[in-house]
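**Q** So here's data17.txt (compact mmCIF, C-alpha atoms).
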# COMPACT_ATOMS: atom_id res chain seq x y z
CA MET U 1 68.62 63.81 -42.14
CA ASN U 2 67.89 60.96 -39.79
CA ARG U 3 66.00 62.47 -36.86
CA PHE U 4 67.53 59.94 -34.44
CA LYS U 5 71.02 61.06 -35.48
CA ILE U 6 70.08 64.67 -34.81
CA LEU U 7 68.71 63.72 -31.39
CA ASN U 8 71.86 61.82 -30.43
CA GLU U 9 74.14 64.67 -31.51
CA THR U 10 72.06 67.13 -29.47
CA MET U 11 72.22 64.93 -26.38
CA GLU U 12 76.00 64.54 -26.67
CA GLU U 13 76.39 68.30 -26.67
CA LYS U 14 74.53 68.69 -23.39
CA GLU U 15 76.62 69.33 -20.32
CA LYS U 16 76.68 66.53 -17.77
CA LEU U 17 74.99 67.63 -14.57
CA PHE U 18 76.44 64.96 -12.30
CA GLU U 19 79.81 63.32 -12.19
CA VAL U 20 79.37 59.59 -11.73
CA VAL U 21 81.27 58.61 -8.59
CA LYS U 22 81.30 55.13 -7.10
CA PRO U 23 79.86 55.43 -3.58
CA GLN U 24 81.82 54.48 -0.50
CA PRO U 25 80.97 50.88 0.55
CA LEU U 26 78.91 50.46 3.71
CA VAL U 27 80.01 49.08 7.06
CA ILE U 28 76.69 47.87 8.46
CA VAL U 29 76.71 47.38 12.23
CA LEU U 30 73.78 45.29 13.43
CA SER U 31 73.11 44.77 17.14
CA ALA U 32 70.30 43.18 19.11
CA PRO U 33 69.73 41.35 22.38
CA SER U 34 69.93 37.55 22.24
CA GLY U 35 66.68 36.15 20.87
CA ALA U 36 65.72 39.20 18.80
CA GLY U 37 66.61 37.35 15.61
CA LYS U 38 69.66 39.25 14.43
CA THR U 39 71.59 36.17 13.27
CA THR U 40 68.67 35.05 11.09
CA LEU U 41 68.28 38.61 9.81
CA CYS U 42 71.98 38.82 8.97
CA ASN U 43 71.88 35.52 7.10
CA ASN U 44 68.80 36.61 5.14
CA LEU U 45 70.45 39.91 4.19
CA LEU U 46 73.56 38.10 2.95
CA LYS U 47 71.38 35.91 0.73
CA ALA U 48 69.37 38.85 -0.62
CA GLU U 49 72.20 41.36 -1.15
CA LYS U 50 75.07 39.88 -3.13
CA ASN U 51 77.39 42.85 -2.53
CA VAL U 52 77.14 42.48 1.26
CA GLU U 53 79.70 40.22 2.93
CA ARG U 54 79.92 39.24 6.58
CA ALA U 55 82.98 40.17 8.58
CA ILE U 56 83.99 36.88 10.18
CA THR U 57 84.39 37.26 13.94
CA CYS U 58 87.24 35.84 16.00
CA THR U 59 86.29 33.98 19.17
CA THR U 60 87.85 31.88 21.91
CA ARG U 61 84.74 29.79 22.48
CA PRO U 62 84.83 26.20 21.17
CA PRO U 63 83.07 25.43 17.86
CA ARG U 64 79.49 24.23 18.03
CA THR U 65 78.29 21.27 15.98
CA GLY U 66 78.48 22.09 12.28
CA GLU U 67 80.62 25.24 12.68
CA ALA U 68 83.81 25.56 10.65
CA ASP U 69 86.90 27.67 11.26
CA GLY U 70 87.19 30.55 8.80
CA VAL U 71 83.56 30.16 7.77
CA ASP U 72 81.46 30.72 10.88
CA TYR U 73 84.22 32.15 13.11
CA TYR U 74 87.97 32.30 13.39
CA PHE U 75 88.43 30.04 16.42
CA LEU U 76 91.48 31.21 18.38
CA ALA U 77 93.19 30.10 21.56
CA GLN U 78 92.88 32.66 24.35
CA GLU U 79 96.63 33.39 24.26
CA GLU U 80 96.49 34.13 20.52
CA PHE U 81 93.44 36.37 20.94
CA GLU U 82 95.06 38.34 23.77
CA GLN U 83 98.23 38.79 21.69
CA LYS U 84 96.13 40.32 18.91
CA ILE U 85 94.62 42.68 21.48
CA LYS U 86 98.13 43.79 22.49
CA ASN U 87 98.99 44.28 18.79
CA ASP U 88 95.90 46.51 18.33
CA GLU U 89 94.59 44.25 15.57
CA PHE U 90 90.90 44.45 16.53
CA LEU U 91 88.38 47.03 15.41
CA GLU U 92 86.30 45.92 18.38
CA PHE U 93 86.36 43.08 20.89
CA ALA U 94 84.56 42.02 24.05
CA ASN U 95 84.47 39.29 26.67
CA VAL U 96 81.02 37.69 26.70
CA TYR U 97 80.16 34.95 29.19
CA GLY U 98 83.88 34.23 29.65
CA ASN U 99 84.77 34.05 25.96
CA TYR U 100 86.39 36.69 23.76
CA TYR U 101 84.75 37.89 20.54
CA GLY U 102 86.33 40.41 18.18
CA THR U 103 86.44 41.81 14.65
CA LEU U 104 89.84 42.19 13.00
CA LYS U 105 90.57 45.55 11.36
CA LYS U 106 92.09 43.85 8.33
CA GLU U 107 88.94 41.74 7.88
CA VAL U 108 86.81 44.89 7.49
CA PHE U 109 89.15 47.14 5.53
CA ARG U 110 90.11 44.41 3.05
CA LYS U 111 86.46 44.05 2.06
CA ILE U 112 85.99 47.82 1.80
CA GLU U 113 88.98 48.03 -0.55
CA GLN U 114 87.33 45.33 -2.67
CA GLY U 115 84.21 47.51 -2.95
CA LYS U 116 82.12 45.23 -0.75
CA ASP U 117 79.59 46.30 1.85
CA VAL U 118 80.59 44.76 5.19
CA LEU U 119 78.14 43.38 7.74
CA LEU U 120 79.14 43.30 11.42
CA ASN U 121 76.92 41.26 13.73
CA ILE U 122 78.11 42.64 17.09
CA ASP U 123 76.82 43.62 20.53
CA VAL U 124 76.30 47.16 21.84
CA GLN U 125 79.78 47.25 23.39
CA GLY U 126 81.35 46.34 20.07
CA ALA U 127 79.20 48.87 18.22
CA ALA U 128 80.36 51.60 20.60
CA SER U 129 83.98 50.64 19.89
CA VAL U 130 83.38 50.85 16.13
CA ARG U 131 81.76 54.28 16.48
CA GLU U 132 84.76 55.43 18.53
CA ALA U 133 87.16 54.09 15.89
CA SER U 134 85.20 55.88 13.15
CA GLU U 135 85.90 59.23 14.81
CA LYS U 136 89.59 58.71 13.99
CA ASP U 137 89.16 57.20 10.53
CA GLU U 138 87.51 59.19 7.71
CA LYS U 139 86.88 56.15 5.51
CA LEU U 140 85.21 54.21 8.31
CA ARG U 141 83.15 57.23 9.33
CA ARG U 142 81.79 57.67 5.80
CA SER U 143 80.96 53.97 5.56
CA LEU U 144 79.38 53.38 8.94
CA VAL U 145 75.65 52.81 9.39
CA SER U 146 74.26 51.22 12.56
CA VAL U 147 71.00 49.36 13.13
CA PHE U 148 69.51 48.11 16.39
CA VAL U 149 66.95 45.30 16.30
CA GLY U 150 64.54 45.22 19.22
CA VAL U 151 61.38 43.37 20.23
CA GLU U 152 57.98 44.59 21.41
CA SER U 153 58.32 43.29 24.96
CA LEU U 154 60.45 41.24 27.30
CA ASP U 155 57.87 38.43 27.12
CA VAL U 156 58.51 38.12 23.37
CA LEU U 157 62.25 37.88 24.04
CA VAL U 158 61.75 35.21 26.74
CA ASN U 159 59.61 33.11 24.41
CA ARG U 160 62.11 33.35 21.57
CA LEU U 161 65.00 32.34 23.81
CA LYS U 162 63.10 29.39 25.23
CA ASN U 163 62.02 28.25 21.77
CA ARG U 164 65.66 28.15 20.64
CA GLY U 165 66.37 25.56 23.31
CA LEU U 166 70.07 26.44 23.44
CA ASP U 167 70.38 27.63 27.03
CA ASP U 168 69.85 26.22 30.50
CA GLU U 169 67.87 28.21 33.08
CA GLU U 170 70.91 29.97 34.53
CA THR U 171 72.23 31.06 31.13
CA LEU U 172 68.75 32.22 30.16
CA LYS U 173 68.62 34.50 33.21
CA LYS U 174 72.03 35.96 32.32
CA ARG U 175 70.93 36.62 28.75
CA LEU U 176 67.78 38.41 29.92
CA CYS U 177 69.72 40.59 32.35
CA LEU U 178 72.16 41.49 29.58
CA ALA U 179 69.31 42.13 27.15
CA LYS U 180 67.75 44.69 29.48
CA GLU U 181 71.03 46.61 29.57
CA GLU U 182 71.59 46.35 25.80
CA ILE U 183 68.14 47.67 24.96
CA LYS U 184 68.94 50.90 26.82
CA HIS U 185 71.46 51.75 24.08
CA TRP U 186 69.09 51.72 21.09
CA LYS U 187 69.12 55.52 20.78
CA GLU U 188 72.85 55.44 19.98
CA TYR U 189 72.13 53.78 16.62
CA ASP U 190 71.15 55.31 13.28
CA TYR U 191 68.12 53.06 12.83
CA LEU U 192 65.75 50.96 14.94
CA ILE U 193 63.87 47.89 13.68
CA ILE U 194 61.21 46.38 15.95
CA SER U 195 61.27 42.73 14.96
CA ALA U 196 58.09 41.34 13.44
CA SER U 197 58.23 38.55 10.85
CA MET U 198 61.45 37.43 9.17
CA GLU U 199 60.20 38.80 5.84
CA GLU U 200 59.26 42.19 7.26
CA ASP U 201 62.53 42.51 9.19
CA LEU U 202 64.50 41.78 6.00
CA ASN U 203 62.47 44.25 3.93
CA ARG U 204 63.13 47.01 6.46
CA LEU U 205 66.84 46.28 6.65
CA ARG U 206 67.17 46.19 2.86
CA ALA U 207 65.35 49.52 2.66
CA ILE U 208 67.91 51.01 5.06
CA VAL U 209 70.84 49.56 3.12
CA ASN U 210 69.55 50.77 -0.25
CA ALA U 211 68.79 54.26 1.12
CA GLU U 212 72.27 54.53 2.62
CA ARG U 213 73.86 53.54 -0.70
CA LEU U 214 72.23 56.64 -2.21
CA SER U 215 73.34 58.98 0.56
CA VAL U 216 75.11 62.07 -0.75
CA ARG U 217 77.76 61.91 1.97
CA ARG U 218 79.00 58.58 0.54
CA ILE U 219 79.84 60.05 -2.88
CA ILE U 220 81.27 63.45 -1.88
Write out the structure in this file as structure tokens.
**A**
Amino acid sequence: MNRFKILNETMEEKEKLFEVVKPQPLVIVLSAPSGAGKTTLCNNLLKAEKNVERAITCTTRPPRTGEADGVDYYFLAQEEFEQKIKNDEFLEFANVYGNYYGTLKKEVFRKIEQGKDVLLNIDVQGAASVREASEKDEKLRRSLVSVFVGVESLDVLVNRLKNRGLDDEETLKKRLCLAKEEIKHWKEYDYLIISASMEEDLNRLRAIVNAERLSVRRII
């Protein structure tokens, strides 16, 4: 008798040790002070991980050059944004430098239902709101993983902000004051990445994402 046939029949008789269950998609919350490189890191992750999709944020600030509605942000009038707040449509929202920013619940849960990992690029206040929401929602709680991106020193942050050339001196001071407060919250996150090179930051974040995809709590 064909020995390969015997081998196959024997293998088919063996009891399966694990039931194959599709893991719960991730909701990846990424926070960092301005200048730490989180936007670049998010963009690099989206390019490297095809199953990860960005949750598009709503904002009341005007579009910058090259930004498109529904691609970079959902640009809303302040009245429309505030109506959505009253309707409890946001998973998280905040007022930053006089402009509203927020993530719609339907934007996140629609992607989860599609089996996509969702990336949220939000500040520490928004991350706290998402953690609070996860306490009331089993699906969100099982999906949530949070990462804080920091820098070695305040000098590094100052240099990065100045090199961007996006802010005047007054705005720069405000960003630095806010950064000092945001950094105090790093212990509230699941993971901490101290920013180095773009390549190293991406490798560390991908390692976190891939490890979380294998977490037992996501398949039970």
**Q** Neighbours of U:Glu170 within 12 Å (only C-alpha atoms; same-chain residues fewer than 6 positions away dropped), as a PyMOL selection string?
**A** chain U and resi 97+176-177
**Q** When you count only C-alpha atoms, which of these residues is closest to U:Glu152: U:Ala36, U:Asp137, U:Val52, U:Arg175?
**A** U:Ala36
**Q** At a cut-off of 7 Å, using all atoms listed in the file, what residues contact U:Lys116? Leave out same-chain residues fewer than 5 positions from it and give the result as a list in words.
**A** Pro25, Asn51, Val52, Glu53 and Lys111 of chain U
**Q** Write the residues of the selection above to a file with C-alpha atoms, as an mmCIF file, in the frame of the given file.
**A**
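Listing of again.cif after writing:
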data_model
loop_
_atom_site.group_PDB
_atom_site.id
_atom_site.type_symbol
_atom_site.label_atom_id
_atom_site.label_comp_id
_atom_site.auth_asym_id
_atom_site.auth_seq_id
_atom_site.Cartn_x
_atom_site.Cartn_y
_atom_site.Cartn_z
ATOM 1 C CA PRO U 25 80.970 50.880 0.550
ATOM 2 C CA ASN U 51 77.390 42.850 -2.530
ATOM 3 C CA VAL U 52 77.140 42.480 1.260
ATOM 4 C CA GLU U 53 79.700 40.220 2.930
ATOM 5 C CA LYS U 111 86.460 44.050 2.060
#
**Q** Which residues, written as a list in words, have at least one atom at most 9 Å from U:Asn99, with all atoms listed in the file counted and residues fewer than 3 positions away on the same chain left out?
**A**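 Near U:Asn99, the qualifying residues are Thr59, Thr60, Arg61, Gln78, Ala94, Asn95 and Val96 of chain U.
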**Q** Can you write out the residues you just picked, keeping C-alpha atoms, as a PDB file, in the frame of the given file?
**A**
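The resulting file, out29.pdb, is shown below:
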ATOM      1  CA  THR U  59      86.290  33.980  19.170  1.00  0.00           C
ATOM      2  CA  THR U  60      87.850  31.880  21.910  1.00  0.00           C
ATOM      3  CA  ARG U  61      84.740  29.790  22.480  1.00  0.00           C
ATOM      4  CA  GLN U  78      92.880  32.660  24.350  1.00  0.00           C
ATOM      5  CA  ALA U  94      84.560  42.020  24.050  1.00  0.00           C
ATOM      6  CA  ASN U  95      84.470  39.290  26.670  1.00  0.00           C
ATOM      7  CA  VAL U  96      81.020  37.690  26.700  1.00  0.00           C
TER       8      VAL U  96
END
**Q** Taking all atoms listed in the file into account, name the residue in U:Asp88, U:Lys38, U:Gln83, U:Lys105 that is nearest to U:Ile56.
**A**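 Once distances to U:Ile56 are computed over all atoms listed in the file, the minimum belongs to U:Lys105.
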**Q** Leaving out U:Ser143 and any residue of its chain fewer than 4 positions from it, which residues lie within 9 Å of it when counting all atoms listed in the file, given as an mmCIF file with C-alpha atoms, keeping the file's coordinate frame?
**A**
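Generated file (around.cif):
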data_model
loop_
_atom_site.group_PDB
_atom_site.id
_atom_site.type_symbol
_atom_site.label_atom_id
_atom_site.label_comp_id
_atom_site.auth_asym_id
_atom_site.auth_seq_id
_atom_site.Cartn_x
_atom_site.Cartn_y
_atom_site.Cartn_z
ATOM 1 C CA GLN U 24 81.820 54.480 -0.500
ATOM 2 C CA PRO U 25 80.970 50.880 0.550
ATOM 3 C CA LEU U 26 78.910 50.460 3.710
ATOM 4 C CA VAL U 27 80.010 49.080 7.060
ATOM 5 C CA ILE U 28 76.690 47.870 8.460
ATOM 6 C CA ILE U 112 85.990 47.820 1.800
ATOM 7 C CA ASP U 117 79.590 46.300 1.850
ATOM 8 C CA SER U 134 85.200 55.880 13.150
ATOM 9 C CA GLU U 138 87.510 59.190 7.710
ATOM 10 C CA LYS U 139 86.880 56.150 5.510
ATOM 11 C CA ARG U 218 79.000 58.580 0.540
#
**Q** What lies within 9 Å of stretch 195-210 of chain U using all atoms listed in the file, ignoring chain neighbours under 5 positions off, as a list in words?
**A**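 Close residues of stretch 195-210 of chain U: Leu26, Ile28, Ala36, Gly37, Thr40, Leu41, Cys42, Asn44, Leu45, Ala48, Glu49, Val145, Val147, Val149, Gly150, Val151 and Glu152 of chain U.
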**Q** For atom CA of U:Gly102 and atom CA of U:Asp168, determine how far apart the two atoms are, in Å to one decimal place.
**A** 25.0 Å
**Q** Go through U:His185, U:Arg141, U:Lys173, U:Arg110 and flag the residue nearest U:Gly126, using only C-alpha atoms for the distances.
**A**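 That would be U:His185, the residue with the smallest distance to U:Gly126.
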**Q** Would you mind telling me which residue in U:Arg142, U:Lys106, U:Lys180, U:Arg131 lies nearest to U:Phe90 when using only C-alpha atoms?
**A**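 Among the listed residues, the smallest separation from U:Phe90 belongs to U:Lys106.
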**Q** Kindly indicate which residue among U:Lys84, U:Lys187, U:Lys16, U:Lys50 lies nearest to U:Gly115, using only C-alpha atoms for the distances.
**A** U:Lys50
**Q** When you count only C-alpha atoms, which of these residues is closest to U:Glu89: U:Cys58, U:Lys184, U:Val118, U:Asp69?
**A**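 Using only C-alpha atoms, the shortest distance to U:Glu89 belongs to U:Cys58.
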**Q** Would you compute the distance between atom CA of U:Ile194 and atom CA of U:Ser129? Give it in Å to one decimal.
**A** 23.5 Å
**Q** Quick one, how far is atom CA of U:Ile183 from atom CA of U:Gly35?
**A**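 According to the coordinates, atom CA of U:Ile183 and atom CA of U:Gly35 are separated by 12.3 Å.
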